[in-house]
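S.K.: If it helps, the file is called start-v4.txt and holds compact mmCIF, C-alpha atoms and all ligand atoms:
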# COMPACT_ATOMS: atom_id res chain seq x y z
CA MET A 10 -8.79 -18.96 4.62
CA LYS A 11 -5.60 -20.68 5.69
CA LEU A 12 -2.22 -19.00 5.46
CA TYR A 13 1.26 -20.33 6.09
CA ASN A 14 4.39 -18.64 7.34
CA LEU A 15 7.03 -18.35 4.61
CA LYS A 16 9.78 -18.92 7.18
CA ASP A 17 8.07 -21.79 8.97
CA HIS A 18 5.63 -23.68 6.75
CA ASN A 19 4.35 -25.58 9.77
CA GLN A 20 2.85 -22.43 11.20
CA GLN A 21 -0.61 -22.13 9.68
CA VAL A 22 -3.15 -19.56 10.73
CA SER A 23 -6.64 -18.34 9.85
CA PHE A 24 -7.26 -15.03 8.10
CA ALA A 25 -8.32 -13.50 11.42
CA GLN A 26 -5.11 -14.62 13.11
CA ALA A 27 -2.95 -13.37 10.25
CA VAL A 28 -4.64 -9.97 10.34
CA LYS A 29 -4.23 -9.70 14.11
CA GLN A 30 -0.63 -10.91 14.24
CA GLY A 31 0.73 -9.23 11.12
CA LEU A 32 3.90 -11.34 11.09
CA GLY A 33 4.49 -14.97 12.00
CA ASN A 34 7.30 -16.71 13.90
CA GLN A 35 10.81 -15.47 13.06
CA GLN A 36 9.21 -12.38 11.48
CA GLY A 37 7.94 -14.58 8.61
CA LEU A 38 5.31 -13.31 6.17
CA PHE A 39 1.96 -15.04 5.84
CA PHE A 40 0.97 -16.40 2.41
CA PRO A 41 -2.31 -17.99 1.21
CA LEU A 42 -2.35 -21.80 1.24
CA GLU A 43 -4.97 -21.90 -1.52
CA LEU A 44 -4.62 -19.64 -4.55
CA PRO A 45 -8.15 -19.28 -5.91
CA GLU A 46 -8.74 -18.97 -9.67
CA PHE A 47 -11.77 -17.66 -11.52
CA GLU A 48 -13.03 -19.09 -14.81
CA LEU A 49 -12.66 -16.75 -17.78
CA THR A 50 -16.43 -16.39 -18.05
CA ASP A 51 -16.59 -15.47 -14.34
CA ILE A 52 -13.99 -12.79 -14.92
CA ASP A 53 -15.98 -11.30 -17.81
CA ALA A 54 -19.10 -11.21 -15.65
CA MET A 55 -17.20 -9.69 -12.73
CA LEU A 56 -15.81 -6.92 -14.89
CA GLU A 57 -19.41 -5.80 -15.45
CA LEU A 58 -20.05 -5.32 -11.72
CA ASP A 59 -19.55 -2.13 -9.71
CA PHE A 60 -16.30 -1.67 -7.77
CA VAL A 61 -17.64 -2.57 -4.31
CA THR A 62 -19.66 -5.62 -5.39
CA ARG A 63 -16.83 -6.98 -7.52
CA SER A 64 -14.23 -6.31 -4.82
CA SER A 65 -16.35 -8.19 -2.25
CA LYS A 66 -16.35 -11.24 -4.53
CA ILE A 67 -12.60 -11.08 -5.03
CA LEU A 68 -11.97 -10.79 -1.30
CA ALA A 69 -14.45 -13.58 -0.53
CA ALA A 70 -12.55 -15.88 -2.92
CA PHE A 71 -9.51 -15.53 -0.67
CA ILE A 72 -11.07 -15.10 2.76
CA GLY A 73 -13.74 -17.79 2.41
CA ASP A 74 -16.34 -18.30 5.13
CA GLU A 75 -14.60 -16.47 7.95
CA ILE A 76 -16.78 -13.45 7.17
CA SER A 77 -20.34 -13.57 5.82
CA PRO A 78 -20.75 -12.19 2.28
CA HIS A 79 -23.07 -9.50 3.60
CA GLN A 80 -20.66 -8.34 6.32
CA LEU A 81 -17.77 -8.39 3.89
CA GLN A 82 -19.64 -6.26 1.38
CA GLU A 83 -20.59 -3.76 4.11
CA ARG A 84 -16.96 -3.50 5.20
CA VAL A 85 -15.67 -3.15 1.66
CA LYS A 86 -18.21 -0.39 1.05
CA GLN A 87 -16.88 1.51 4.09
CA ALA A 88 -13.26 1.01 3.03
CA PHE A 89 -13.51 1.70 -0.70
CA ALA A 90 -15.49 4.91 -0.51
CA PHE A 91 -13.64 6.66 -3.32
CA PRO A 92 -12.97 5.83 -6.98
CA ALA A 93 -9.90 4.48 -8.82
CA PRO A 94 -10.26 6.03 -12.28
CA VAL A 95 -8.12 5.27 -15.33
CA ALA A 96 -6.90 8.53 -16.92
CA LYS A 97 -5.76 8.53 -20.55
CA VAL A 98 -2.27 9.88 -21.13
CA THR A 99 -1.45 8.91 -24.75
CA GLY A 100 -3.08 6.68 -27.37
CA ASP A 101 -1.68 3.55 -25.77
CA ILE A 102 -0.79 4.58 -22.21
CA ALA A 103 -3.04 5.45 -19.25
CA CYS A 104 -2.64 6.02 -15.52
CA LEU A 105 -4.60 4.13 -12.87
CA GLU A 106 -5.15 6.91 -10.32
CA LEU A 107 -5.11 5.47 -6.82
CA PHE A 108 -4.89 8.77 -4.97
CA HIS A 109 -8.49 9.88 -4.53
CA GLY A 110 -8.76 8.70 -0.91
CA PRO A 111 -8.49 10.80 2.28
CA THR A 112 -4.69 10.79 2.45
CA LEU A 113 -4.17 11.05 -1.31
CA ALA A 114 -2.17 7.84 -1.77
CA PHE A 115 -2.92 4.25 -2.76
CA LYS A 116 -2.17 3.17 0.81
CA ASP A 117 -5.67 4.36 1.71
CA PHE A 118 -7.13 1.23 0.07
CA GLY A 119 -5.09 -1.25 2.09
CA GLY A 120 -5.10 0.80 5.27
CA ARG A 121 -8.85 1.29 5.32
CA PHE A 122 -9.64 -2.33 4.53
CA MET A 123 -7.23 -3.54 7.20
CA ALA A 124 -8.91 -1.19 9.69
CA GLN A 125 -12.30 -2.64 8.80
CA MET A 126 -11.04 -6.19 9.17
CA LEU A 127 -9.28 -5.56 12.49
CA SER A 128 -12.32 -3.93 13.97
CA TYR A 129 -14.60 -6.73 12.67
CA ILE A 130 -12.35 -9.50 13.94
CA SER A 131 -11.83 -7.93 17.33
CA GLY A 132 -15.53 -7.65 18.06
CA ALA A 133 -17.29 -4.74 19.69
CA ASP A 134 -16.39 -5.67 23.28
CA GLU A 135 -12.64 -5.97 22.73
CA GLN A 136 -10.68 -2.74 22.95
CA ILE A 137 -7.63 -2.51 20.70
CA THR A 138 -4.89 0.10 20.65
CA ILE A 139 -2.95 0.71 17.47
CA LEU A 140 0.47 2.13 18.29
CA THR A 141 2.71 3.27 15.47
CA ALA A 142 5.62 5.58 14.73
CA THR A 143 5.65 7.59 11.54
CA SER A 144 7.93 9.84 9.58
CA GLY A 145 4.86 11.17 7.78
CA ASP A 146 2.83 9.09 5.35
CA THR A 147 1.91 5.90 7.18
CA GLY A 148 0.70 7.89 10.18
CA ALA A 149 -1.78 9.79 8.07
CA ALA A 150 -3.09 6.66 6.35
CA VAL A 151 -3.47 4.76 9.65
CA ALA A 152 -5.13 7.72 11.40
CA HIS A 153 -7.71 8.23 8.67
CA ALA A 154 -8.34 4.52 8.26
CA PHE A 155 -9.29 4.04 11.93
CA TYR A 156 -10.86 7.42 12.55
CA GLY A 157 -14.26 7.11 14.22
CA MET A 158 -14.07 3.35 14.96
CA GLU A 159 -15.57 2.65 18.34
CA ASN A 160 -13.44 -0.21 19.62
CA VAL A 161 -10.11 1.13 18.35
CA ARG A 162 -7.81 3.72 19.84
CA VAL A 163 -4.93 4.94 17.70
CA VAL A 164 -1.75 6.45 19.14
CA ILE A 165 0.79 7.83 16.66
CA LEU A 166 4.27 9.04 17.54
CA TYR A 167 6.22 11.33 15.26
CA PRO A 168 9.42 13.37 15.54
CA GLN A 169 8.55 16.94 16.47
CA GLY A 170 9.48 19.44 13.76
CA LYS A 171 10.75 16.72 11.43
CA ILE A 172 7.70 16.06 9.28
CA SER A 173 6.24 18.52 6.81
CA PRO A 174 3.70 20.99 8.29
CA LEU A 175 1.08 19.77 5.82
CA GLN A 176 1.66 16.13 6.74
CA GLU A 177 1.28 17.05 10.40
CA LYS A 178 -2.03 18.79 9.71
CA LEU A 179 -3.27 15.75 7.84
CA PHE A 180 -3.33 13.45 10.87
CA CYS A 181 -2.90 15.62 13.98
CA THR A 182 -6.15 17.55 13.58
CA LEU A 183 -8.60 14.64 13.73
CA GLY A 184 -9.12 14.16 17.47
CA GLY A 185 -11.69 11.58 18.65
CA ASN A 186 -10.09 8.13 18.79
CA ILE A 187 -6.87 9.39 17.15
CA GLN A 188 -4.17 10.59 19.55
CA THR A 189 -0.92 12.00 18.23
CA ILE A 190 2.27 12.63 20.19
CA ALA A 191 5.09 14.87 18.99
CA ILE A 192 8.25 13.32 20.41
CA ASP A 193 11.19 15.53 21.22
CA GLY A 194 13.61 13.37 19.21
CA ASP A 195 14.08 11.81 15.77
CA PHE A 196 12.17 9.05 13.98
CA ASP A 197 14.46 6.36 15.39
CA ALA A 198 13.61 7.55 18.91
CA CYS A 199 9.90 7.18 18.06
CA GLN A 200 10.44 3.68 16.71
CA ALA A 201 12.45 2.69 19.76
CA LEU A 202 9.56 3.76 22.01
CA VAL A 203 7.08 1.71 19.99
CA LYS A 204 9.36 -1.30 20.17
CA GLN A 205 9.64 -0.96 23.95
CA ALA A 206 5.87 -0.89 24.21
CA PHE A 207 5.54 -4.09 22.17
CA ASP A 208 8.17 -5.76 24.38
CA ASP A 209 6.13 -4.92 27.49
CA GLU A 210 3.80 -7.93 27.85
CA ALA A 211 1.78 -6.45 30.72
CA LEU A 212 1.12 -3.26 28.80
CA LYS A 213 0.31 -5.21 25.63
CA GLN A 214 -2.35 -7.23 27.44
CA ALA A 215 -3.78 -4.24 29.30
CA ILE A 216 -4.49 -2.14 26.24
CA GLY A 217 -4.74 -4.75 23.45
CA LEU A 218 -1.72 -3.49 21.55
CA ASN A 219 -1.59 -4.00 17.76
CA SER A 220 0.77 -2.60 15.15
CA ALA A 221 -1.40 -2.40 11.98
CA ASN A 222 1.80 -3.30 10.20
CA SER A 223 2.34 -2.52 6.55
CA ILE A 224 3.00 -6.17 5.64
CA ASN A 225 -0.45 -7.21 6.91
CA ILE A 226 -2.06 -9.67 4.49
CA SER A 227 -5.36 -7.76 4.53
CA ARG A 228 -3.67 -4.81 2.82
CA LEU A 229 -2.45 -6.92 -0.06
CA LEU A 230 -5.83 -8.53 -0.63
CA ALA A 231 -7.48 -5.10 -0.72
CA GLN A 232 -5.01 -3.92 -3.34
CA VAL A 233 -5.82 -6.87 -5.64
CA CYS A 234 -9.23 -5.27 -6.19
CA TYR A 235 -8.13 -2.12 -7.97
CA TYR A 236 -6.29 -4.07 -10.67
CA PHE A 237 -9.67 -5.56 -11.62
CA GLU A 238 -11.18 -2.08 -11.47
CA ALA A 239 -8.55 -0.88 -13.94
CA VAL A 240 -9.26 -3.64 -16.45
CA ALA A 241 -13.01 -3.08 -16.08
CA GLN A 242 -12.51 0.45 -17.40
CA LEU A 243 -10.61 -0.60 -20.52
CA PRO A 244 -12.24 -1.37 -23.89
CA GLN A 245 -12.36 -5.08 -24.76
CA GLU A 246 -9.60 -4.90 -27.39
CA GLN A 247 -7.07 -3.53 -24.91
CA ARG A 248 -7.77 -6.10 -22.22
CA ASN A 249 -5.68 -8.87 -23.73
CA GLN A 250 -2.64 -6.74 -24.53
CA LEU A 251 -2.26 -5.16 -21.13
CA VAL A 252 1.10 -4.33 -19.55
CA ILE A 253 1.07 -2.82 -16.05
CA SER A 254 3.99 -0.87 -14.61
CA VAL A 255 4.15 -0.61 -10.81
CA PRO A 256 6.30 1.97 -8.97
CA SER A 257 7.81 -0.21 -6.26
CA GLY A 258 9.40 0.23 -2.85
CA ASN A 259 8.40 -2.61 -0.55
CA PHE A 260 6.75 -4.44 -3.46
CA GLY A 261 3.34 -4.78 -1.82
CA ASP A 262 1.58 -3.20 -4.77
CA LEU A 263 3.32 -5.48 -7.26
CA THR A 264 2.52 -8.56 -5.13
CA ALA A 265 -1.15 -7.56 -5.21
CA GLY A 266 -1.05 -7.16 -9.00
CA LEU A 267 0.48 -10.60 -9.40
CA LEU A 268 -2.20 -12.05 -7.12
CA ALA A 269 -4.81 -10.46 -9.40
CA LYS A 270 -3.17 -12.23 -12.34
CA SER A 271 -3.13 -15.50 -10.44
CA LEU A 272 -6.91 -15.13 -9.96
CA GLY A 273 -7.17 -15.01 -13.75
CA LEU A 274 -7.14 -11.31 -14.53
CA PRO A 275 -5.81 -10.96 -18.08
CA VAL A 276 -2.52 -9.09 -17.69
CA LYS A 277 0.14 -9.88 -20.27
CA ARG A 278 3.08 -8.61 -18.28
CA PHE A 279 3.98 -6.69 -15.13
CA ILE A 280 6.89 -4.29 -14.84
CA ALA A 281 8.60 -3.57 -11.51
CA ALA A 282 9.84 0.02 -11.66
CA THR A 283 12.14 1.37 -8.95
CA ASN A 284 14.21 4.46 -8.26
CA ALA A 285 17.98 4.26 -7.62
CA ASN A 286 17.23 1.79 -4.82
CA ASP A 287 17.38 -0.96 -7.41
CA THR A 288 18.00 -4.18 -5.50
CA VAL A 289 15.25 -6.00 -7.42
CA PRO A 290 16.13 -4.78 -10.95
CA ARG A 291 19.75 -5.77 -10.34
CA PHE A 292 18.63 -9.12 -8.96
CA LEU A 293 16.45 -9.77 -12.03
CA ALA A 294 19.27 -8.76 -14.38
CA GLU A 295 22.17 -10.49 -12.65
CA GLY A 296 20.60 -13.18 -10.50
CA GLU A 297 22.23 -12.03 -7.30
CA TRP A 298 20.57 -10.41 -4.31
CA ARG A 299 22.92 -7.62 -3.26
CA PRO A 300 21.16 -4.75 -1.46
CA ASN A 301 23.12 -1.50 -1.32
CA ALA A 302 22.75 1.13 1.37
CA THR A 303 19.45 2.97 0.88
CA VAL A 304 19.81 6.32 -0.91
CA ALA A 305 17.45 9.29 -0.67
CA THR A 306 15.61 10.11 -3.91
CA LEU A 307 12.78 12.32 -5.17
CA SER A 308 10.42 9.35 -4.91
CA ASN A 309 11.03 8.90 -1.21
CA ALA A 310 8.17 6.45 -0.57
CA MET A 311 10.22 4.01 -2.65
CA ASP A 312 13.52 4.52 -0.85
CA VAL A 313 13.78 0.89 0.18
CA SER A 314 16.76 -1.34 -0.52
CA GLN A 315 15.49 -4.50 1.23
CA PRO A 316 11.89 -4.74 0.03
CA ASN A 317 9.98 -6.71 2.63
CA ASN A 318 7.34 -8.18 0.31
CA TRP A 319 9.84 -9.71 -2.13
CA PRO A 320 9.64 -13.19 -0.54
CA ARG A 321 5.92 -13.17 -1.36
CA VAL A 322 6.64 -12.37 -5.01
CA GLU A 323 9.10 -15.26 -5.24
CA GLU A 324 6.69 -17.62 -3.53
CA LEU A 325 3.90 -16.73 -5.93
CA PHE A 326 6.13 -17.34 -8.97
CA ARG A 327 7.18 -20.68 -7.49
CA ARG A 328 3.61 -21.74 -6.71
CA LYS A 329 2.27 -20.74 -10.12
CA THR A 330 5.36 -22.09 -11.92
CA TRP A 331 5.75 -18.71 -13.60
CA ARG A 332 9.22 -17.64 -14.69
CA LEU A 333 10.85 -14.65 -12.99
CA LYS A 334 12.47 -13.77 -16.29
CA ASP A 335 9.01 -12.83 -17.62
CA LEU A 336 8.78 -10.05 -15.03
CA GLY A 337 9.70 -6.70 -16.55
CA PHE A 338 11.90 -4.33 -14.58
CA GLY A 339 13.69 -1.03 -14.72
CA ALA A 340 15.30 1.56 -12.45
CA VAL A 341 15.08 5.32 -12.97
CA ASP A 342 17.41 7.93 -11.47
CA ASP A 343 16.29 11.35 -10.21
CA GLU A 344 17.35 13.20 -13.32
CA THR A 345 15.32 10.91 -15.58
CA THR A 346 12.42 11.13 -13.11
CA ARG A 347 12.41 14.91 -13.51
CA ALA A 348 12.57 14.63 -17.31
CA SER A 349 9.69 12.13 -17.26
CA MET A 350 7.51 14.42 -15.14
CA ARG A 351 8.14 17.20 -17.66
CA GLU A 352 7.37 14.85 -20.54
CA LEU A 353 4.07 13.90 -18.90
CA ALA A 354 3.25 17.57 -18.30
CA GLU A 355 3.79 18.23 -22.00
CA LEU A 356 1.39 15.41 -22.76
CA GLY A 357 -1.09 17.26 -20.55
CA TYR A 358 -0.78 14.97 -17.55
CA LEU A 359 0.29 16.31 -14.16
CA SER A 360 2.16 13.68 -12.15
CA GLU A 361 4.62 13.28 -9.28
CA PRO A 362 7.92 11.40 -8.96
CA HIS A 363 6.58 7.89 -8.13
CA ALA A 364 4.13 7.67 -11.01
CA ALA A 365 6.65 9.25 -13.37
CA ILE A 366 9.09 6.41 -12.70
CA ALA A 367 6.48 3.79 -13.58
CA TYR A 368 5.54 5.76 -16.71
CA ARG A 369 9.15 6.01 -17.81
CA VAL A 370 9.94 2.32 -17.65
CA LEU A 371 6.60 1.52 -19.31
CA ARG A 372 7.06 3.86 -22.26
CA ASP A 373 10.60 2.52 -22.78
CA GLN A 374 9.49 -1.12 -22.80
CA LEU A 375 5.99 -1.10 -24.33
CA ARG A 376 5.85 -3.08 -27.57
CA GLU A 377 3.79 -2.58 -30.71
CA GLY A 378 0.14 -3.49 -30.17
CA GLU A 379 0.38 -3.50 -26.36
CA TYR A 380 -1.60 -1.24 -24.07
CA GLY A 381 0.20 0.19 -21.04
CA LEU A 382 -1.07 1.18 -17.64
CA PHE A 383 1.09 2.75 -14.92
CA LEU A 384 -0.04 3.20 -11.34
CA GLY A 385 -0.49 6.72 -10.01
CA THR A 386 0.29 6.00 -6.37
CA ALA A 387 0.05 9.52 -4.93
CA HIS A 388 -1.65 12.82 -5.70
CA PRO A 389 0.80 15.39 -7.12
CA ALA A 390 -0.12 17.81 -4.31
CA LYS A 391 1.32 15.33 -1.86
CA PHE A 392 4.76 16.11 -3.26
CA LYS A 393 3.95 19.78 -3.79
CA GLU A 394 7.44 21.17 -3.21
CA SER A 395 9.27 18.97 -5.69
CA VAL A 396 6.47 18.98 -8.28
CA GLU A 397 6.31 22.79 -8.23
CA GLU A 398 10.07 23.08 -8.54
CA ILE A 399 10.41 20.53 -11.35
CA LEU A 400 7.45 21.72 -13.42
CA ASP A 401 7.90 25.37 -12.59
CA GLN A 402 4.24 25.91 -11.78
CA THR A 403 2.19 26.30 -8.60
CA LEU A 404 -0.16 23.54 -7.48
CA PRO A 405 -3.41 24.27 -5.69
CA LEU A 406 -4.17 22.03 -2.69
CA PRO A 407 -7.14 19.70 -3.09
CA ASP A 408 -10.14 21.04 -1.11
CA ALA A 409 -10.04 18.36 1.58
CA LEU A 410 -6.41 19.14 2.30
CA ALA A 411 -6.86 22.91 2.19
CA GLU A 412 -9.67 22.70 4.77
CA ARG A 413 -7.64 20.49 7.06
CA ALA A 414 -4.64 22.83 6.85
CA GLU A 415 -6.75 25.48 8.63
CA LEU A 416 -7.53 23.29 11.68
CA PRO A 417 -5.60 23.47 14.97
CA LEU A 418 -3.06 20.76 15.87
CA LEU A 419 -4.22 18.49 18.69
CA SER A 420 -0.92 16.72 19.40
CA HIS A 421 0.48 16.01 22.85
CA GLN A 422 4.18 16.57 23.40
CA MET A 423 6.52 14.19 25.10
CA ALA A 424 10.19 13.61 25.87
CA PRO A 425 11.53 10.36 24.38
CA GLU A 426 11.06 8.42 27.64
CA PHE A 427 9.26 5.11 27.76
CA ALA A 428 7.89 5.73 31.27
CA SER A 429 6.00 8.78 29.99
CA LEU A 430 4.60 6.89 27.01
CA ARG A 431 3.57 3.94 29.19
CA ALA A 432 1.74 6.21 31.61
CA PHE A 433 0.01 7.94 28.71
CA LEU A 434 -1.10 4.65 27.18
CA LEU A 435 -2.48 3.38 30.48
CA ASN A 436 -4.11 6.54 31.75
CA GLN A 437 -5.39 8.69 28.94
C1 LIG B 501 4.29 3.19 -0.59
C2 LIG B 501 4.41 3.90 -1.91
C3 LIG B 501 4.97 3.27 -3.04
C4 LIG B 501 5.59 1.91 -3.01
O1 LIG B 501 4.65 0.88 -2.81
P1 LIG B 501 5.13 -0.56 -2.34
O2 LIG B 501 3.89 -1.36 -2.20
O3 LIG B 501 5.86 -0.36 -1.04
O4 LIG B 501 6.03 -1.09 -3.39
C5 LIG B 501 4.97 3.97 -4.25
N1 LIG B 501 4.48 5.22 -4.33
C6 LIG B 501 3.96 5.86 -3.26
C7 LIG B 501 3.46 7.24 -3.42
C8 LIG B 501 3.89 5.22 -2.01
O5 LIG B 501 3.37 5.87 -0.95
Let me see the file written as structure tokens.
M.R.:
Amino acid sequence: MKLYNLKDHNQQVSFAQAVKQGLGNQQGLFFPLELPEFELTDIDAMLELDFVTRSSKILAAFIGDEISPHQLQERVKQAFAFPAPVAKVTGDIACLELFHGPTLAFKDFGGRFMAQMLSYISGADEQITILTATSGDTGAAVAHAFYGMENVRVVILYPQGKISPLQEKLFCTLGGNIQTIAIDGDFDACQALVKQAFDDEALKQAIGLNSANSINISRLLAQVCYYFEAVAQLPQEQRNQLVISVPSGNFGDLTAGLLAKSLGLPVKRFIAATNANDTVPRFLAEGEWRPNATVATLSNAMDVSQPNNWPRVEELFRRKTWRLKDLGFGAVDDETTRASMRELAELGYLSEPHAAIAYRVLRDQLREGEYGLFLGTAHPAKFKESVEEILDQTLPLPDALAERAELPLLSHQMAPEFASLRAFLLNQ
């Protein structure tokens, strides 16, 4: 697989290089040089396969011969070890539930596949260290994705006392190859330390530093697979009238959906649903890119005003000669998010703010004869406090989370000083 840098088309790399580097020159995103397409008959046959087998074929179509089909299938099996069921909500709307993985969010799919790819590409004799700062969610996904991998050490920094106790339990109780450090400072202090480490060439070489960045191409490719899994679960008559609404922050999930369509998956229309951080909806309505300052909302995983995957969306539309005006969009404020969660609860479906936004825009824009799917990106228990308050009911924790909440924290503590972090990275 060849990929080019969107900011410097002359920079072309292999899949392995793109996975290892994350970003290209000038912080440019990597994008596939070839956009594979399946025949319609191939798609029908693929929809009959099981999730892992089908996903391996999809990924092979992009990755090509850099990984043997057998190895790829083994890695996919490790990564996709949980289901992505479609749950009916009304007669013509359903939710694709992507939150049945270890950290209860769709990011488990991309995170775990990236972990598999990094460890495969690096080889057993090369030691790599993943260093990342988190304000909660990414840390948990990265920790669980790499947990137990022999050639990978993961070090996660987080601001002491500034993430939720449950989030802390989720990734600071693992031990083994996962080391967590509570920094006596805020999230920016944690990020500054990580940046200093990546600027330290000697340190980088010594410990094989890697960022496992969220814009890594391997994440996107993994996410393509669950759009096929969704369609595979629908009856034939709904497959050609399908509209998919994606709750969007950095627009990785939407990019993956559009890549699924470019492979030939029959999706009539995609809808980009955002919260009040509505740079993209305003851009699609008015044609001007004018990011506002980011505002805090109930759907905080989507509090992004400069979505970093948007250049990939534009590139895909350009390459496929699709028209941006065919992309649906909508923005939902907190009050409407609350009302939509209550509406879903009345329909018998328990949700959380992110999914509720996608549902809302979908139900407002779905036309006669169409079938709508919205993505459930997180388990409601992950946003326990706001869900309980909005729906006025108590939520039990899923078993896996309840068990973990009982375990002792294994974090180290550290002042926000680079010398201490450097010594830790080199000596522990
Ligand atoms: C990350 C996240 C999103 C946004 O996904 P993007 O790919 O960044 O658009 C939506 N919902 C939840 C729960 C998330 O964690």
S.K.: Using all atoms of region 47-56 of chain A listed in the file and a margin of 8 Å per side, can you give the axis-aligned box centre and edge lengths in Å to one decimal, as lines of an AutoDock Vina configuration file?
M.R.:
center_x = -15.4
center_y = -13.0
center_z = -14.8
size_x = 23.3
size_y = 28.2
size_z = 22.5
S.K.: Please produce, as CSV, a per-residue contact table for region 189-271 of chain A versus region 402-420 of chain A (criterion: any atom at most 12 Å away, all atoms listed in the file considered), showing the nearest atom pair and its distance in Å to one decimal, sorted by chain then residue number.
M.R.:
residue,atom,partner,partner_atom,distance
A:Thr189,CA,A:Ser420,CA,4.9
A:Ile190,CA,A:Ser420,CA,5.2
A:Ala191,CA,A:Ser420,CA,6.3
A:Ile192,CA,A:Ser420,CA,9.8
S.K.: Can I get the selected residues back with C-alpha atoms, as a CSV table (one decimal), in the frame of the given file?
M.R.:
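Final output, again_3.csv:
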chain,number,residue,atom,x,y,z
A,189,THR,CA,-0.9,12.0,18.2
A,190,ILE,CA,2.3,12.6,20.2
A,191,ALA,CA,5.1,14.9,19.0
A,192,ILE,CA,8.2,13.3,20.4
S.K.: With 9 Å as the cut-off and all atoms listed in the file counted, what is the closest atom pair between each nearby residue of region 17-76 of chain A and region 228-233 of chain A? Distances in Å to one decimal, ordered by chain and number, as a tab-separated table.
M.R.:
residue	atom	partner	partner_atom	distance
A:Ser64	CA	A:Ala231	CA	8.0
A:Ile67	CA	A:Val233	CA	8.0
A:Leu68	CA	A:Leu230	CA	6.6
A:Phe71	CA	A:Leu230	CA	7.9
S.K.: Which residue, A:Val85, A:Ala90, A:Val163, A:Val255, has the smallest gap to ligand LIG 501 (chain B) when you use all atoms listed in the file?
M.R.: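 Ranked by minimum distance to ligand LIG 501 (chain B), first place goes to A:Val255.
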S.K.: Which protein, DNA or RNA residues are at most 9 Å from (0.3, 9.0, -4.9) in the file's coordinates when you count all atoms listed in the file, listed as a PyMOL selection string?
M.R.: chain A and resi 106-109+113-116+360-364+384-392
S.K.: Which residues come within 9 Å of region 261-269 of chain A, counting all atoms listed in the file, excluding same-chain residues fewer than 4 positions away, as number ranges by chain?
M.R.: A: 44, 67, 115, 223-224, 228-237, 253-257, 273-276, 279-281, 316-319, 321-322, 325-326
S.K.: Rounded to one decimal place, report the CA of Gln242 (chain A)-CA of Asp146 (chain A) distance in Å.
M.R.: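 These atoms are spaced 28.8 Å apart.
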S.K.: Would you kindly return, as number ranges by chain, each protein, DNA or RNA residue with an atom no farther than 10 Å from any atom of Asn222 (chain A), considering only C-alpha atoms and excluding same-chain residues fewer than 2 positions away?
M.R.: A: 28-32, 120, 123, 139-141, 147, 151, 219-220, 224-226, 228
S.K.: For Asp17 (chain A), list every protein, DNA or RNA residue within 9 Å, evaluated using all atoms listed in the file, and leave out those in the same chain fewer than 5 positions away; present the list as a list in words.
M.R.: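 In the requested form, the answer reads Gly33, Asn34, Gln35 and Gly37 of chain A.
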S.K.: Dump as a list of chain:residue names all residues having an atom at most 10 Å from (-0.9, 16.0, 6.1), computed in the file's coordinates with only C-alpha atoms.
M.R.: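 Answer for this query, in the requested form: A:Pro111, A:Thr112, A:Leu113, A:Gly145, A:Asp146, A:Gly148, A:Ala149, A:Ala150, A:Ile172, A:Ser173, A:Pro174, A:Leu175, A:Gln176, A:Glu177, A:Lys178, A:Leu179, A:Phe180, A:Cys181, A:Thr182, A:Lys391, A:Leu410, A:Ala411, A:Arg413, A:Ala414.
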S.K.: Measuring atom to atom with all atoms listed in the file, identify which of A:Ala305, A:Val98, A:Met158, A:Ile165 is nearest to Leu434 (chain A).
M.R.: A:Ile165
S.K.: Measuring between only C-alpha atoms and all ligand atoms, which one of A:Asn286, A:Ser349, A:Gln422, A:Asn259 shows the shortest distance to ligand LIG 501 (chain B)?
M.R.: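 Going through A:Asn286, A:Ser349, A:Gln422, A:Asn259 one by one, the smallest distance to ligand LIG 501 (chain B) is for A:Asn259.
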S.K.: Please compute the CA of Leu293 (chain A)-CA of Arg332 (chain A) distance, one decimal, in Å.
M.R.: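 Separating CA of Leu293 (chain A) from CA of Arg332 (chain A) is a distance of 11.0 Å.
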S.K.: Which is closer to Ile366 (chain A) than all the others in A:Ala310, A:Ser271, A:Asn284, A:Met423, using only C-alpha atoms?
M.R.: A:Asn284
S.K.: Have a look at CA of Tyr129 (chain A) and CA of Gln82 (chain A) and let me know their distance in Å, one decimal.
M.R.: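 Spanning CA of Tyr129 (chain A) to CA of Gln82 (chain A) is a straight-line distance of 12.4 Å.
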S.K.: Using all atoms listed in the file, pick whichever of A:Tyr380, A:Phe118, A:Tyr156, A:Tyr13 has the shortest atom-to-atom distance to ligand LIG 501 (chain B).
M.R.: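 Closest to ligand LIG 501 (chain B) of all the choices is A:Phe118.
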S.K.: Rank A:Leu307, A:Ala133, A:Leu58, A:Val95 by their smallest atom-to-atom distance to ligand LIG 501 (chain B), using all atoms listed in the file, and report the top residue only.
M.R.: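 Comparing A:Leu307, A:Ala133, A:Leu58, A:Val95 against ligand LIG 501 (chain B), the winner is A:Leu307.
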S.K.: Give me, as a PyMOL selection string, all polymer residues having an atom no more than 7 Å from Thr303 (chain A), counting all atoms listed in the file and skipping those fewer than 4 positions away in the same chain.
M.R.: chain A and resi 286+312-314
S.K.: Can you list, as an NGL selection string, every protein, DNA or RNA residue that comes within 10 Å of Glu83 (chain A) when you count all atoms listed in the file, leaving out same-chain residues fewer than 5 positions away?
M.R.: :A and (61-62 or 65 or 77-78 or 88 or 125)
